[in-house]
>>> print(open('work35.cif').read())   # mmCIF, C-alpha atoms
data_input
#
loop_
_atom_site.label_atom_id
_atom_site.label_comp_id
_atom_site.auth_asym_id
_atom_site.auth_seq_id
_atom_site.Cartn_x
_atom_site.Cartn_y
_atom_site.Cartn_z
CA MET A 1 16.08 -3.30 28.83
CA ILE A 2 13.85 -3.52 25.75
CA SER A 3 11.86 -0.46 26.91
CA GLU A 4 15.08 1.54 27.25
CA LYS A 5 16.11 0.53 23.74
CA ILE A 6 12.63 1.34 22.38
CA ASN A 7 13.01 4.83 23.83
CA GLN A 8 16.41 5.17 22.13
CA ALA A 9 14.86 4.13 18.81
CA ILE A 10 11.99 6.60 19.26
CA GLU A 11 14.40 9.48 19.85
CA LEU A 12 16.43 8.55 16.78
CA ILE A 13 13.31 8.46 14.57
CA LYS A 14 11.85 11.68 16.00
CA ASN A 15 15.10 13.59 15.48
CA SER A 16 15.78 12.23 12.01
CA SER A 17 15.27 14.32 8.90
CA HIS A 18 15.26 11.23 6.66
CA THR A 19 14.42 7.71 7.86
CA THR A 20 14.57 4.64 5.65
CA ALA A 21 13.33 1.12 6.43
CA PHE A 22 15.18 -1.87 5.03
CA THR A 23 13.16 -5.09 5.13
CA GLY A 24 13.92 -8.73 4.52
CA ALA A 25 12.13 -12.06 4.58
CA GLY A 26 11.65 -11.93 8.35
CA ILE A 27 9.00 -9.22 8.16
CA SER A 28 6.75 -11.45 6.05
CA VAL A 29 7.13 -14.65 8.10
CA GLU A 30 4.22 -13.61 10.33
CA SER A 31 2.11 -13.27 7.17
CA GLY A 32 2.69 -16.96 6.46
CA ILE A 33 5.55 -16.61 3.98
CA PRO A 34 8.50 -18.78 5.06
CA PRO A 35 12.08 -17.56 4.71
CA PHE A 36 14.04 -18.96 1.80
CA ARG A 37 17.26 -19.73 3.65
CA GLY A 38 18.12 -21.27 7.00
CA GLU A 39 17.20 -24.47 8.78
CA ASN A 40 13.47 -24.24 8.04
CA GLY A 41 13.83 -22.19 4.88
CA LEU A 42 12.12 -23.03 1.63
CA TRP A 43 15.38 -23.96 -0.09
CA SER A 44 15.99 -26.69 2.50
CA LYS A 45 12.90 -28.43 1.09
CA ILE A 46 12.93 -27.42 -2.59
CA ASP A 47 15.87 -27.16 -5.00
CA PRO A 48 15.91 -23.49 -6.14
CA VAL A 49 17.31 -24.42 -9.57
CA PHE A 50 13.91 -23.58 -11.07
CA LEU A 51 14.73 -19.90 -10.38
CA ASP A 52 18.04 -20.05 -12.18
CA SER A 53 17.73 -17.89 -15.29
CA ARG A 54 19.47 -20.42 -17.53
CA TYR A 55 17.23 -23.23 -16.29
CA PHE A 56 14.13 -21.08 -16.78
CA TYR A 57 14.89 -20.31 -20.42
CA ARG A 58 15.72 -23.95 -21.10
CA TYR A 59 12.77 -25.47 -19.21
CA PRO A 60 10.14 -22.73 -18.84
CA GLU A 61 7.24 -25.12 -18.29
CA LYS A 62 9.03 -26.95 -15.46
CA SER A 63 10.07 -23.66 -13.85
CA TRP A 64 6.62 -22.17 -14.13
CA LYS A 65 4.96 -25.15 -12.46
CA LEU A 66 6.87 -24.47 -9.24
CA ILE A 67 6.77 -20.69 -9.63
CA LYS A 68 2.98 -20.75 -9.77
CA GLU A 69 2.63 -23.19 -6.88
CA ILE A 70 4.96 -21.26 -4.58
CA PHE A 71 4.71 -17.59 -5.50
CA TYR A 72 1.10 -17.35 -6.63
CA ASP A 73 -0.97 -20.24 -5.21
CA PHE A 74 0.83 -20.27 -1.82
CA PHE A 75 2.42 -16.86 -1.22
CA GLY A 76 -0.43 -15.17 -3.07
CA LYS A 77 -2.73 -15.89 -0.12
CA ALA A 78 -0.55 -13.90 2.29
CA ARG A 79 -1.79 -10.61 3.69
CA PRO A 80 0.09 -7.75 5.36
CA ASN A 81 0.75 -8.06 9.08
CA ASN A 82 1.00 -5.40 11.78
CA ALA A 83 4.65 -4.69 11.00
CA HIS A 84 3.73 -3.79 7.41
CA TYR A 85 0.83 -1.63 8.62
CA ALA A 86 3.01 0.10 11.23
CA LEU A 87 5.53 1.10 8.56
CA ALA A 88 2.73 2.46 6.38
CA GLU A 89 1.44 4.52 9.30
CA LEU A 90 4.90 5.89 10.08
CA GLU A 91 5.12 7.01 6.45
CA ASN A 92 1.64 8.51 6.66
CA LYS A 93 2.68 10.52 9.74
CA GLY A 94 5.80 11.82 8.01
CA LEU A 95 8.19 9.77 10.14
CA LEU A 96 9.37 7.39 7.41
CA ASN A 97 10.59 8.49 3.99
CA ALA A 98 11.07 5.23 2.11
CA ILE A 99 11.17 1.45 2.35
CA ILE A 100 13.79 -0.65 0.60
CA THR A 101 12.54 -4.22 0.53
CA GLN A 102 14.28 -7.38 -0.54
CA ASN A 103 10.88 -9.08 -0.67
CA ILE A 104 8.85 -9.62 -3.83
CA ASP A 105 5.49 -10.19 -2.11
CA ASN A 106 3.93 -6.70 -2.53
CA LEU A 107 2.80 -6.71 1.12
CA HIS A 108 4.17 -3.24 1.88
CA GLN A 109 2.05 -1.74 -0.89
CA GLN A 110 -1.00 -3.71 0.20
CA ALA A 111 -0.55 -2.26 3.69
CA GLY A 112 -0.59 1.26 2.24
CA SER A 113 3.08 2.19 1.91
CA LYS A 114 3.72 4.51 -1.03
CA GLU A 115 7.50 4.94 -1.28
CA VAL A 116 8.62 1.33 -1.74
CA ILE A 117 11.80 0.37 -3.57
CA GLU A 118 11.61 -3.29 -4.62
CA PHE A 119 15.28 -4.24 -4.76
CA HIS A 120 14.65 -7.72 -6.14
CA GLY A 121 11.59 -6.87 -8.22
CA THR A 122 8.03 -8.07 -7.68
CA SER A 123 5.83 -11.09 -8.27
CA ARG A 124 2.82 -8.91 -9.05
CA ARG A 125 4.09 -8.19 -12.57
CA LEU A 126 5.06 -10.42 -15.47
CA VAL A 127 7.40 -9.37 -18.24
CA CYS A 128 7.67 -10.76 -21.76
CA THR A 129 11.06 -12.36 -22.40
CA ASN A 130 10.70 -11.45 -26.09
CA CYS A 131 9.25 -7.96 -26.44
CA GLY A 132 9.63 -6.70 -22.86
CA ARG A 133 5.97 -5.77 -22.40
CA GLN A 134 4.75 -5.91 -18.79
CA PHE A 135 1.49 -7.33 -17.46
CA GLU A 136 -0.23 -7.64 -14.11
CA ALA A 137 0.03 -11.25 -12.88
CA THR A 138 -3.64 -12.18 -13.23
CA LYS A 139 -5.26 -15.58 -12.78
CA GLU A 140 -6.20 -15.56 -16.45
CA LEU A 141 -2.58 -15.22 -17.58
CA LEU A 142 -1.48 -17.98 -15.20
CA ASP A 143 -4.18 -20.47 -16.21
CA ILE A 144 -1.96 -21.90 -18.95
CA LEU A 145 1.72 -22.56 -18.25
CA PRO A 146 4.05 -21.15 -19.29
CA PRO A 147 2.01 -17.95 -19.68
CA LYS A 148 2.34 -16.21 -23.04
CA CYS A 149 2.50 -12.57 -24.05
CA ILE A 150 -0.74 -11.34 -25.63
CA ASN A 151 1.34 -9.00 -27.78
CA CYS A 152 3.89 -11.35 -29.36
CA SER A 153 3.25 -14.80 -27.82
CA GLY A 154 6.66 -14.74 -26.10
CA ILE A 155 7.04 -16.52 -22.76
CA LEU A 156 6.27 -14.40 -19.72
CA LYS A 157 8.55 -14.34 -16.69
CA PRO A 158 7.86 -12.97 -13.19
CA ASP A 159 9.37 -9.50 -12.89
CA PHE A 160 11.69 -10.43 -10.04
CA VAL A 161 15.39 -11.22 -10.01
CA PHE A 162 16.31 -14.82 -10.81
CA PHE A 163 19.68 -16.35 -9.96
CA GLY A 164 22.13 -15.15 -12.57
CA GLU A 165 20.29 -11.88 -13.26
CA PRO A 166 21.39 -8.35 -12.29
CA ILE A 167 19.52 -6.10 -9.87
CA PRO A 168 17.26 -3.67 -11.81
CA GLU A 169 19.20 -0.44 -12.32
CA SER A 170 16.46 1.85 -11.04
CA ALA A 171 15.95 -0.12 -7.82
CA SER A 172 19.69 -0.34 -7.25
CA SER A 173 20.39 3.37 -7.79
CA HIS A 174 17.44 4.47 -5.64
CA SER A 175 18.45 2.12 -2.83
CA PHE A 176 22.04 3.27 -2.72
CA LYS A 177 20.84 6.88 -2.86
CA GLU A 178 18.81 6.22 0.29
CA ALA A 179 21.96 4.89 1.92
CA GLU A 180 23.66 8.20 1.14
CA ILE A 181 20.98 10.55 2.46
CA ALA A 182 19.31 8.74 5.40
CA ASP A 183 19.95 9.77 9.01
CA VAL A 184 18.34 6.59 10.33
CA PHE A 185 18.06 3.11 8.84
CA VAL A 186 15.53 0.70 10.38
CA LEU A 187 16.45 -2.91 9.55
CA ILE A 188 13.60 -5.39 9.92
CA GLY A 189 13.82 -9.15 9.48
CA THR A 190 17.00 -9.24 7.42
CA THR A 191 20.06 -11.39 8.11
CA GLY A 192 22.56 -9.45 6.02
CA GLU A 193 23.58 -12.50 3.99
CA ILE A 194 22.34 -11.65 0.49
CA GLN A 195 24.60 -9.65 -1.79
CA PRO A 196 24.49 -6.97 -3.03
CA ALA A 197 21.49 -5.93 -0.89
CA SER A 198 23.39 -6.58 2.33
CA THR A 199 25.86 -3.78 1.56
CA ILE A 200 23.17 -1.06 1.61
CA PRO A 201 22.88 -0.69 5.43
CA VAL A 202 26.68 -0.80 5.71
CA ILE A 203 26.97 2.08 3.25
CA ALA A 204 24.29 3.97 5.20
CA LYS A 205 26.28 3.47 8.42
CA ASN A 206 29.47 4.65 6.73
CA ASN A 207 27.60 7.78 5.64
CA GLY A 208 26.61 8.57 9.22
CA ALA A 209 23.20 6.90 9.56
CA ARG A 210 22.17 5.44 12.90
CA ILE A 211 21.02 1.83 12.62
CA ILE A 212 17.96 0.44 14.40
CA GLU A 213 17.63 -3.32 13.98
CA ILE A 214 14.52 -5.42 14.66
CA ASN A 215 15.00 -9.17 14.50
CA ILE A 216 14.18 -12.36 16.38
CA LYS A 217 17.90 -13.06 16.76
CA ALA A 218 21.24 -11.46 16.05
CA SER A 219 22.20 -11.01 12.40
CA ASN A 220 25.38 -10.15 10.51
CA TYR A 221 24.58 -6.51 11.29
CA THR A 222 23.99 -6.73 15.04
CA ASN A 223 27.55 -6.62 16.30
CA SER A 224 29.01 -4.70 13.38
CA ILE A 225 26.85 -1.69 12.52
CA THR A 226 23.69 -1.77 14.67
CA ASP A 227 23.21 1.05 17.19
CA VAL A 228 19.94 -0.12 18.74
CA PHE A 229 19.01 -3.81 18.61
CA LEU A 230 15.36 -4.62 19.35
CA GLU A 231 15.08 -8.38 19.70
CA GLY A 232 11.68 -9.94 19.08
CA LYS A 233 8.86 -10.38 16.58
CA ALA A 234 8.55 -7.63 14.00
CA THR A 235 4.80 -7.26 14.54
CA GLU A 236 5.05 -6.74 18.29
CA ILE A 237 8.02 -4.40 18.22
CA MET A 238 6.80 -2.30 15.30
CA ILE A 239 3.34 -1.74 16.83
CA ASN A 240 4.95 -0.82 20.14
CA LEU A 241 7.42 1.48 18.40
CA LEU A 242 4.66 3.12 16.36
CA ASN A 243 2.29 3.70 19.28
CA LEU A 244 4.96 5.04 21.63
CA THR A 245 6.40 7.31 18.94
CA LEU A 246 3.01 8.80 18.10
CA LYS A 247 2.38 9.48 21.81
CA THR A 248 5.48 11.64 22.02
CA ILE A 249 4.87 13.92 19.03
#
>>> encode(input="work35.cif", output="structure tokens")
Amino acid sequence: MISEKINQAIELIKNSSHTTAFTGAGISVESGIPPFRGENGLWSKIDPVFLDSRYFYRYPEKSWKLIKEIFYDFFGKARPNNAHYALAELENKGLLNAIITQNIDNLHQQAGSKEVIEFHGTSRRLVCTNCGRQFEATKELLDILPPKCINCSGILKPDFVFFGEPIPESASSHSFKEAEIADVFVLIGTTGEIQPASTIPVIAKNNGARIIEINIKASNYTNSITDVFLEGKATEIMINLLNLTLKTI
């Protein structure tokens, strides 16, 4: 059954004039980054209040202690897995036009993907809460917490979306544009629970896109908008999908 569905997915990708991938936390689990929500999610073990924007501005040192431990000392050791590399190779072969990711881990770029829209921002950059200047998140800047701007001494914040903050306008507009123009949307490791990101594949479907979904279990999308559901690990399915697609072109 899975081979028949793989063949359906291959035909959709081969015949598409514009294919977009839409990735969530599930694609990075096999790189050692746990999901945030769910039974074994990070938020079941740690109170996420430290990522609330109001809490951060009131207690920056407390927030930064956990931010550094989780997003830089722990997640910073993660490396791309075969699903990330497969997406980069599909782009390289002209079979994938863009990736919209809800993740902030930079693993798509490390794998070689070029057209990556970071819907929730990125941990690789820091931004000054005073003057707005941006910096690469280097070890030197993170040695003293909270890190300070070398321009104005303002407190630096990771350049990703905290609770209570809006989605960056550029990322939002580019993502919804993809939902308007894509023929095929490939959903990987996303549950469809996080707003407003979860609306993007729905908009793509309403605009005529065919939906390929890769996940270890059914999501909010599976029985509502998905055309081809490939159940299993992202690494295994993406490598299989890549290799079989390349054999047929």
>>> residues_around(input="work35.cif", residues="region 18-28 of chain A", least_positions_apart="6", cutoff="9 Å", atoms="all atoms listed in the file", output="PyMOL selection string")
chain A and resi 34-36+78-81+83-84+87+95-103+105+107+178-179+181-192+200-201+209+215-216+233-235
>>> resolve_selection(input="work35.cif", expression="the PyMOL selection byres ((chain A and resi 130) around 10)", output="MDAnalysis selection string")
chainID A and resid 127:129 131:133 149 151:156
>>> closest_atom_pairs(input="work35.cif", of="region 159-229 of chain A", to="region 113-118 of chain A", cutoff="9 Å", atoms="only C-alpha atoms", output="tab-separated table")
residue	atom	partner	partner_atom	distance
A:Phe160	CA	A:Glu118	CA	9.0
A:Ser170	CA	A:Ile117	CA	8.9
A:Ala171	CA	A:Ile117	CA	6.0
A:Ser172	CA	A:Ile117	CA	8.7
A:His174	CA	A:Ile117	CA	7.3
A:Ser175	CA	A:Ile117	CA	6.9
>>> residues_around(input="work35.cif", residues="Val161 (chain A)", least_positions_apart="4", cutoff="12 Å", atoms="all atoms listed in the file", output="short mmCIF file (atom, residue, chain, number, x, y, z; two decimals) with C-alpha atoms, in the frame of the given file")
data_model
loop_
_atom_site.label_atom_id
_atom_site.label_comp_id
_atom_site.auth_asym_id
_atom_site.auth_seq_id
_atom_site.Cartn_x
_atom_site.Cartn_y
_atom_site.Cartn_z
CA LEU A 51 14.73 -19.90 -10.38
CA ASP A 52 18.04 -20.05 -12.18
CA SER A 53 17.73 -17.89 -15.29
CA GLN A 102 14.28 -7.38 -0.54
CA ASN A 103 10.88 -9.08 -0.67
CA ILE A 104 8.85 -9.62 -3.83
CA GLU A 118 11.61 -3.29 -4.62
CA PHE A 119 15.28 -4.24 -4.76
CA HIS A 120 14.65 -7.72 -6.14
CA GLY A 121 11.59 -6.87 -8.22
CA THR A 122 8.03 -8.07 -7.68
CA SER A 123 5.83 -11.09 -8.27
CA ARG A 125 4.09 -8.19 -12.57
CA LEU A 126 5.06 -10.42 -15.47
CA VAL A 127 7.40 -9.37 -18.24
CA LYS A 157 8.55 -14.34 -16.69
CA GLU A 165 20.29 -11.88 -13.26
CA PRO A 166 21.39 -8.35 -12.29
CA ILE A 167 19.52 -6.10 -9.87
CA PRO A 168 17.26 -3.67 -11.81
CA GLU A 169 19.20 -0.44 -12.32
CA ALA A 171 15.95 -0.12 -7.82
#
>>> resolve_selection(input="work35.cif", expression="the PyMOL selection byres ((chain A and resi 56) around 12)", output="compact mmCIF listing (two decimals) with C-alpha atoms, in the coordinates of the input")
# COMPACT_ATOMS: atom_id res chain seq x y z
CA PRO A 48 15.91 -23.49 -6.14
CA VAL A 49 17.31 -24.42 -9.57
CA PHE A 50 13.91 -23.58 -11.07
CA LEU A 51 14.73 -19.90 -10.38
CA ASP A 52 18.04 -20.05 -12.18
CA SER A 53 17.73 -17.89 -15.29
CA ARG A 54 19.47 -20.42 -17.53
CA TYR A 55 17.23 -23.23 -16.29
CA TYR A 57 14.89 -20.31 -20.42
CA ARG A 58 15.72 -23.95 -21.10
CA TYR A 59 12.77 -25.47 -19.21
CA PRO A 60 10.14 -22.73 -18.84
CA GLU A 61 7.24 -25.12 -18.29
CA LYS A 62 9.03 -26.95 -15.46
CA SER A 63 10.07 -23.66 -13.85
CA TRP A 64 6.62 -22.17 -14.13
CA LYS A 65 4.96 -25.15 -12.46
CA LEU A 66 6.87 -24.47 -9.24
CA ILE A 67 6.77 -20.69 -9.63
CA THR A 129 11.06 -12.36 -22.40
CA PRO A 146 4.05 -21.15 -19.29
CA ILE A 155 7.04 -16.52 -22.76
CA LEU A 156 6.27 -14.40 -19.72
CA LYS A 157 8.55 -14.34 -16.69
CA PRO A 158 7.86 -12.97 -13.19
CA PHE A 162 16.31 -14.82 -10.81
CA PHE A 163 19.68 -16.35 -9.96
CA GLY A 164 22.13 -15.15 -12.57
CA GLU A 165 20.29 -11.88 -13.26
>>> atom_distance(input="work35.cif", atom1="CA of Asn220 (chain A)", atom2="CA of Ile194 (chain A)")
10.6 Å
>>> atom_distance(input="work35.cif", atom1="CA of Glu236 (chain A)", atom2="CA of Ala197 (chain A)")
25.3 Å
>>> closest_residue(input="work35.cif", among="A:Asp73, A:Asp159, A:Glu140, A:Glu11", to="Val228 (chain A)", atoms="all atoms listed in the file")
A:Glu11
>>> axis_aligned_box(input="work35.cif", around="region 97-104 of chain A", padding_each_side="8 Å", output="lines of an AutoDock Vina configuration file")
center_x = 11.6
center_y = -0.6
center_z = 0.1
size_x = 21.4
size_y = 34.1
size_z = 23.8
>>> atom_distance(input="work35.cif", atom1="CA of Glu193 (chain A)", atom2="CA of Asn15 (chain A)")
29.7 Å
>>> closest_residue(input="work35.cif", among="A:Leu141, A:Lys77, A:Asn243, A:Ser219", to="Ser31 (chain A)", atoms="only C-alpha atoms")
A:Lys77
